[in-house]
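Next comes run27.cif, a file with mmCIF, C-alpha atoms.
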data_data
#
loop_
_atom_site.label_atom_id
_atom_site.label_comp_id
_atom_site.auth_asym_id
_atom_site.auth_seq_id
_atom_site.Cartn_x
_atom_site.Cartn_y
_atom_site.Cartn_z
CA GLU A 28 -84.21 -55.47 -0.67
CA ALA A 29 -82.06 -57.60 1.63
CA TRP A 30 -80.23 -59.25 -1.29
CA ASN A 31 -79.78 -55.91 -3.06
CA ASN A 32 -78.16 -54.56 0.10
CA ARG A 33 -76.16 -57.80 0.50
CA ASP A 34 -77.78 -58.18 3.92
CA PHE A 35 -78.02 -61.97 3.83
CA GLU A 36 -78.83 -62.38 7.52
CA SER A 37 -81.98 -60.28 7.08
CA ALA A 38 -82.88 -62.32 4.01
CA LEU A 39 -82.40 -65.56 5.95
CA GLU A 40 -84.70 -64.33 8.73
CA CYS A 41 -87.53 -64.76 6.21
CA PHE A 42 -86.93 -68.56 6.06
CA VAL A 43 -87.63 -71.42 8.46
CA ASP A 44 -84.50 -73.14 9.81
CA ASP A 45 -85.02 -76.32 7.75
CA CYS A 46 -85.88 -74.52 4.51
CA ALA A 47 -85.34 -76.18 1.14
CA TYR A 48 -84.29 -74.14 -1.87
CA GLN A 49 -83.61 -75.18 -5.45
CA THR A 50 -82.14 -73.13 -8.29
CA GLU A 51 -82.14 -73.89 -12.00
CA ASP A 52 -80.13 -71.35 -13.90
CA PRO A 53 -77.21 -71.27 -16.33
CA VAL A 54 -74.64 -70.93 -13.52
CA PHE A 55 -76.10 -72.05 -10.20
CA VAL A 56 -77.91 -75.37 -10.40
CA ASN A 57 -78.22 -76.29 -6.77
CA LYS A 58 -80.42 -77.86 -4.10
CA MET A 59 -79.98 -76.52 -0.58
CA VAL A 60 -81.45 -77.58 2.73
CA GLY A 61 -81.18 -75.36 5.78
CA LYS A 62 -80.20 -71.77 6.33
CA ASP A 63 -76.45 -72.45 6.33
CA ALA A 64 -76.59 -73.92 2.83
CA LEU A 65 -78.82 -71.08 1.63
CA ARG A 66 -76.46 -68.49 3.17
CA LYS A 67 -73.53 -70.05 1.29
CA HIS A 68 -75.51 -69.91 -1.96
CA LEU A 69 -76.54 -66.28 -1.47
CA ILE A 70 -72.97 -65.22 -0.79
CA GLN A 71 -71.60 -67.21 -3.73
CA ASN A 72 -74.27 -65.76 -6.01
CA ALA A 73 -73.62 -62.17 -4.90
CA ASP A 74 -69.84 -62.61 -5.17
CA SER A 75 -70.24 -63.65 -8.80
CA LEU A 76 -71.98 -60.40 -9.74
CA PRO A 77 -70.97 -56.74 -9.53
CA SER A 78 -72.09 -54.98 -6.35
CA SER A 79 -74.28 -52.71 -8.51
CA CYS A 80 -76.36 -55.71 -9.65
CA ARG A 81 -79.92 -55.59 -8.30
CA ILE A 82 -82.92 -57.89 -8.30
CA VAL A 83 -86.01 -56.04 -9.49
CA LEU A 84 -89.45 -57.58 -8.89
CA ASP A 85 -91.67 -57.27 -11.94
CA ASN A 86 -94.72 -59.18 -10.68
CA ILE A 87 -95.79 -60.92 -7.52
CA ALA A 88 -98.70 -63.26 -6.88
CA LEU A 89 -99.59 -64.62 -3.47
CA ASP A 90 -102.15 -66.48 -1.47
CA GLU A 91 -102.19 -67.77 2.11
CA ALA A 92 -99.63 -70.54 1.46
CA SER A 93 -97.52 -69.57 -1.55
CA ILE A 94 -95.82 -66.75 -3.42
CA GLY A 95 -94.86 -66.49 -7.08
CA THR A 96 -92.59 -63.79 -8.49
CA ARG A 97 -91.29 -62.67 -11.85
CA TRP A 98 -88.05 -60.71 -11.63
CA HIS A 99 -85.02 -59.51 -13.52
CA LEU A 100 -81.41 -58.69 -12.72
CA GLU A 101 -80.11 -55.31 -13.75
CA ILE A 102 -76.85 -53.39 -13.55
CA ASN A 103 -77.06 -49.62 -13.94
CA ASN A 104 -80.50 -49.92 -15.59
CA PHE A 105 -79.25 -52.58 -18.05
CA VAL A 106 -81.35 -55.75 -17.83
CA LEU A 107 -79.15 -58.86 -17.71
CA MET A 108 -81.72 -61.64 -17.50
CA GLY A 109 -84.98 -62.54 -15.83
CA GLY A 110 -86.54 -65.41 -14.01
CA VAL A 111 -89.37 -66.70 -11.91
CA SER A 112 -89.45 -67.91 -8.33
CA MET A 113 -91.99 -69.93 -6.38
CA TYR A 114 -92.15 -70.12 -2.60
CA THR A 115 -94.25 -72.01 -0.08
CA MET A 116 -94.98 -70.67 3.37
CA ASP A 117 -94.90 -72.10 6.88
CA GLY A 118 -96.90 -69.52 8.79
CA GLN A 119 -95.25 -66.17 8.08
CA LEU A 120 -91.92 -67.67 6.97
CA LEU A 121 -90.72 -69.17 3.71
CA LYS A 122 -90.43 -72.96 3.77
CA THR A 123 -89.36 -73.78 0.20
CA GLY A 124 -88.07 -71.82 -2.76
CA TYR A 125 -87.57 -72.67 -6.42
CA ASP A 126 -85.86 -70.32 -8.90
CA VAL A 127 -85.72 -70.69 -12.68
CA THR A 128 -83.54 -68.21 -14.54
CA GLU A 129 -83.80 -67.64 -18.27
CA ALA A 130 -80.80 -68.53 -20.37
CA PRO A 131 -78.75 -65.42 -21.16
CA LEU A 132 -78.24 -66.60 -24.76
CA LYS A 133 -81.08 -67.65 -27.01
CA LEU A 134 -80.49 -70.18 -29.77
CA PRO A 135 -81.80 -69.39 -33.24
CA ARG A 136 -84.93 -71.27 -34.29
CA PHE A 137 -83.12 -73.22 -37.05
CA VAL A 138 -81.14 -75.08 -34.35
CA LEU A 139 -84.31 -76.74 -32.99
CA PRO A 140 -84.34 -79.70 -35.43
CA VAL A 141 -80.72 -80.46 -34.57
CA LEU A 142 -81.55 -80.51 -30.87
CA THR A 143 -84.74 -82.55 -31.19
CA PHE A 144 -83.32 -85.21 -33.51
CA PRO A 145 -81.53 -87.19 -30.74
CA ALA A 146 -84.63 -87.09 -28.54
CA LYS A 147 -86.79 -88.46 -31.36
CA LEU A 148 -84.29 -91.27 -31.92
CA LEU A 149 -84.22 -92.16 -28.24
CA PHE A 150 -87.86 -91.71 -27.35
CA GLY A 151 -89.70 -91.89 -30.65
CA SER A 152 -91.96 -89.28 -32.10
CA SER A 153 -95.63 -88.89 -31.40
#
If you convert what's in this file into structure tokens, what do you get?
Amino acid sequence: EAWNNRDFESALECFVDDCAYQTEDPVFVNKMVGKDALRKHLIQNADSLPSSCRIVLDNIALDEASIGTRWHLEINNFVLMGGVSMYTMDGQLLKTGYDVTEAPLKLPRFVLPVLTFPAKLLFGSS
């Protein structure tokens, strides 16, 4: 809820000081180390979205050393896109994070041969 409330300091309290966080999404591809870098990312991310945008957790899986989540972004009950996140723990705090966001646009299936042709030329086919 901290991100949804734009309470980044509370969100950062969940991380160790030397945390490492990586994002892979259509807009924010980034690797961050430390809370200051993560704070900057959180603010930049929130500033790029309407204040009504919320992160909704769909699933969560956890054990003693890691957490996995499936989530989606929504604005006024309209789902924008989804993603998955993986975290590792250091005691009760988050040590690392890795986000992968789905592409907001999906390419039609007939485009696949066009995209795979260069890879087959470069790397061969098996």
Show me, as a tab-separated table, the residues of range 83-142 of chain A having an atom within 10 Å of range 54-59 of chain A, each with the closest atom pair and its distance in Å, using only C-alpha atoms.
residue	atom	partner	partner_atom	distance
A:Thr123	CA	A:Met59	CA	9.8
A:Gly124	CA	A:Met59	CA	9.6
A:Tyr125	CA	A:Lys58	CA	9.1
A:Asp126	CA	A:Val56	CA	9.5
A:Val127	CA	A:Val56	CA	9.4
A:Thr128	CA	A:Val54	CA	9.4
A:Ala130	CA	A:Val54	CA	9.5
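Checking A:Leu65, A:Leu84, A:Cys46, A:Met113 one by one against His99 in chain A, counting all atoms listed in the file, you find the shortest gap at A:Leu84.
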Counting all atoms listed in the file, what is within 7 Å of Phe42 in chain A, bar same-chain residues fewer than 3 positions away, as a PyMOL selection string?
chain A and resi 39+46+120-122
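Using all atoms listed in the file, the nearest neighbour of Asn32 in chain A within the list A:Thr50, A:Thr115, A:Gln71, A:Ser79 is A:Ser79.
For the atom pair formed by CA of Leu107 in chain A and CA of Val83 in chain A, the distance is 11.1 Å, given to one decimal.
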Around range 83-99 of chain A, with edges along x, y and z and 4 Å added on all six sides, what centre and edge lengths do you get, in Å to one decimal, as lines of an AutoDock Vina configuration file?
center_x = -93.6
center_y = -63.3
center_z = -5.7
size_x = 25.2
size_y = 22.5
size_z = 23.6
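Nearest residue to Gly61 in chain A, choosing from A:Asp44, A:Asn103, A:Ser75, A:Phe150 and counting all atoms listed in the file: A:Asp44.
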Please provide the set of residues having any atom within 10 Å of Ile87 in chain A, restricted to all atoms listed in the file, with same-chain residues fewer than 4 positions apart removed, written as a VMD selection string.
chain A and resid 94 to 98 111 to 113
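Take the candidates A:Ala146, A:Val106, A:Tyr48, A:Glu129 and check each one against Leu69 in chain A using all atoms listed in the file; the shortest distance goes to A:Tyr48.
Atom pair CA of Asn72 in chain A / CA of Leu100 in chain A: separated by 12.1 Å.
In this comparison, which uses all atoms listed in the file, the residue of A:Pro53, A:Ala38, A:His68, A:Ser93 approaching Pro131 in chain A most closely is A:Pro53.
The gap separating CA of Ala29 in chain A from CA of Asp45 in chain A is 19.9 Å, in Å to one decimal.
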Output check: residues returned by the PyMOL selection byres ((chain A and resi 81) around 6), as a list in words
Asn31, Cys80, Ile82, Leu100 and Glu101 of chain A
Considering only C-alpha atoms, can you say which of A:Gly109, A:Asp117, A:Asn86, A:Val60 comes closest to Leu132 in chain A?
A:Gly109
Reconstruct N, CA, C and O atoms of range 77-91 of chain A; output as a tab-separated table (two decimals), keeping the file's coordinate frame.
chain	number	residue	atom	x	y	z
A	77	PRO	N	-71.41	-58.04	-10.03
A	77	PRO	CA	-70.97	-56.74	-9.53
A	77	PRO	C	-71.86	-56.25	-8.39
A	77	PRO	O	-73.05	-56.59	-8.34
A	78	SER	N	-71.30	-55.46	-7.50
A	78	SER	CA	-72.09	-54.98	-6.35
A	78	SER	C	-73.24	-54.08	-6.79
A	78	SER	O	-74.20	-53.90	-6.05
A	79	SER	N	-73.19	-53.55	-8.00
A	79	SER	CA	-74.28	-52.71	-8.51
A	79	SER	C	-75.44	-53.53	-9.07
A	79	SER	O	-76.48	-52.97	-9.42
A	80	CYS	N	-75.29	-54.85	-9.13
A	80	CYS	CA	-76.36	-55.71	-9.65
A	80	CYS	C	-77.51	-55.76	-8.65
A	80	CYS	O	-77.31	-55.93	-7.44
A	81	ARG	N	-78.73	-55.60	-9.15
A	81	ARG	CA	-79.92	-55.59	-8.30
A	81	ARG	C	-80.97	-56.55	-8.84
A	81	ARG	O	-81.08	-56.74	-10.04
A	82	ILE	N	-81.74	-57.11	-7.92
A	82	ILE	CA	-82.92	-57.89	-8.30
A	82	ILE	C	-84.10	-56.94	-8.29
A	82	ILE	O	-84.34	-56.24	-7.30
A	83	VAL	N	-84.84	-56.90	-9.38
A	83	VAL	CA	-86.01	-56.04	-9.49
A	83	VAL	C	-87.23	-56.94	-9.67
A	83	VAL	O	-87.27	-57.76	-10.59
A	84	LEU	N	-88.20	-56.81	-8.78
A	84	LEU	CA	-89.45	-57.58	-8.89
A	84	LEU	C	-90.35	-56.94	-9.93
A	84	LEU	O	-90.66	-55.76	-9.85
A	85	ASP	N	-90.76	-57.74	-10.91
A	85	ASP	CA	-91.67	-57.27	-11.94
A	85	ASP	C	-93.12	-57.57	-11.60
A	85	ASP	O	-94.00	-56.76	-11.86
A	86	ASN	N	-93.36	-58.76	-11.06
A	86	ASN	CA	-94.72	-59.18	-10.68
A	86	ASN	C	-94.63	-60.04	-9.44
A	86	ASN	O	-93.63	-60.73	-9.23
A	87	ILE	N	-95.70	-60.04	-8.67
A	87	ILE	CA	-95.79	-60.92	-7.52
A	87	ILE	C	-97.23	-61.39	-7.39
A	87	ILE	O	-98.16	-60.63	-7.62
A	88	ALA	N	-97.38	-62.68	-7.11
A	88	ALA	CA	-98.70	-63.26	-6.88
A	88	ALA	C	-98.62	-64.05	-5.58
A	88	ALA	O	-97.63	-64.74	-5.33
A	89	LEU	N	-99.64	-63.90	-4.74
A	89	LEU	CA	-99.59	-64.62	-3.47
A	89	LEU	C	-100.96	-65.02	-3.00
A	89	LEU	O	-101.97	-64.45	-3.38
A	90	ASP	N	-100.96	-66.07	-2.20
A	90	ASP	CA	-102.15	-66.48	-1.47
A	90	ASP	C	-101.69	-66.83	-0.06
A	90	ASP	O	-100.58	-66.51	0.33
A	91	GLU	N	-102.52	-67.52	0.70
A	91	GLU	CA	-102.19	-67.77	2.11
A	91	GLU	C	-101.02	-68.74	2.30
A	91	GLU	O	-100.40	-68.77	3.35
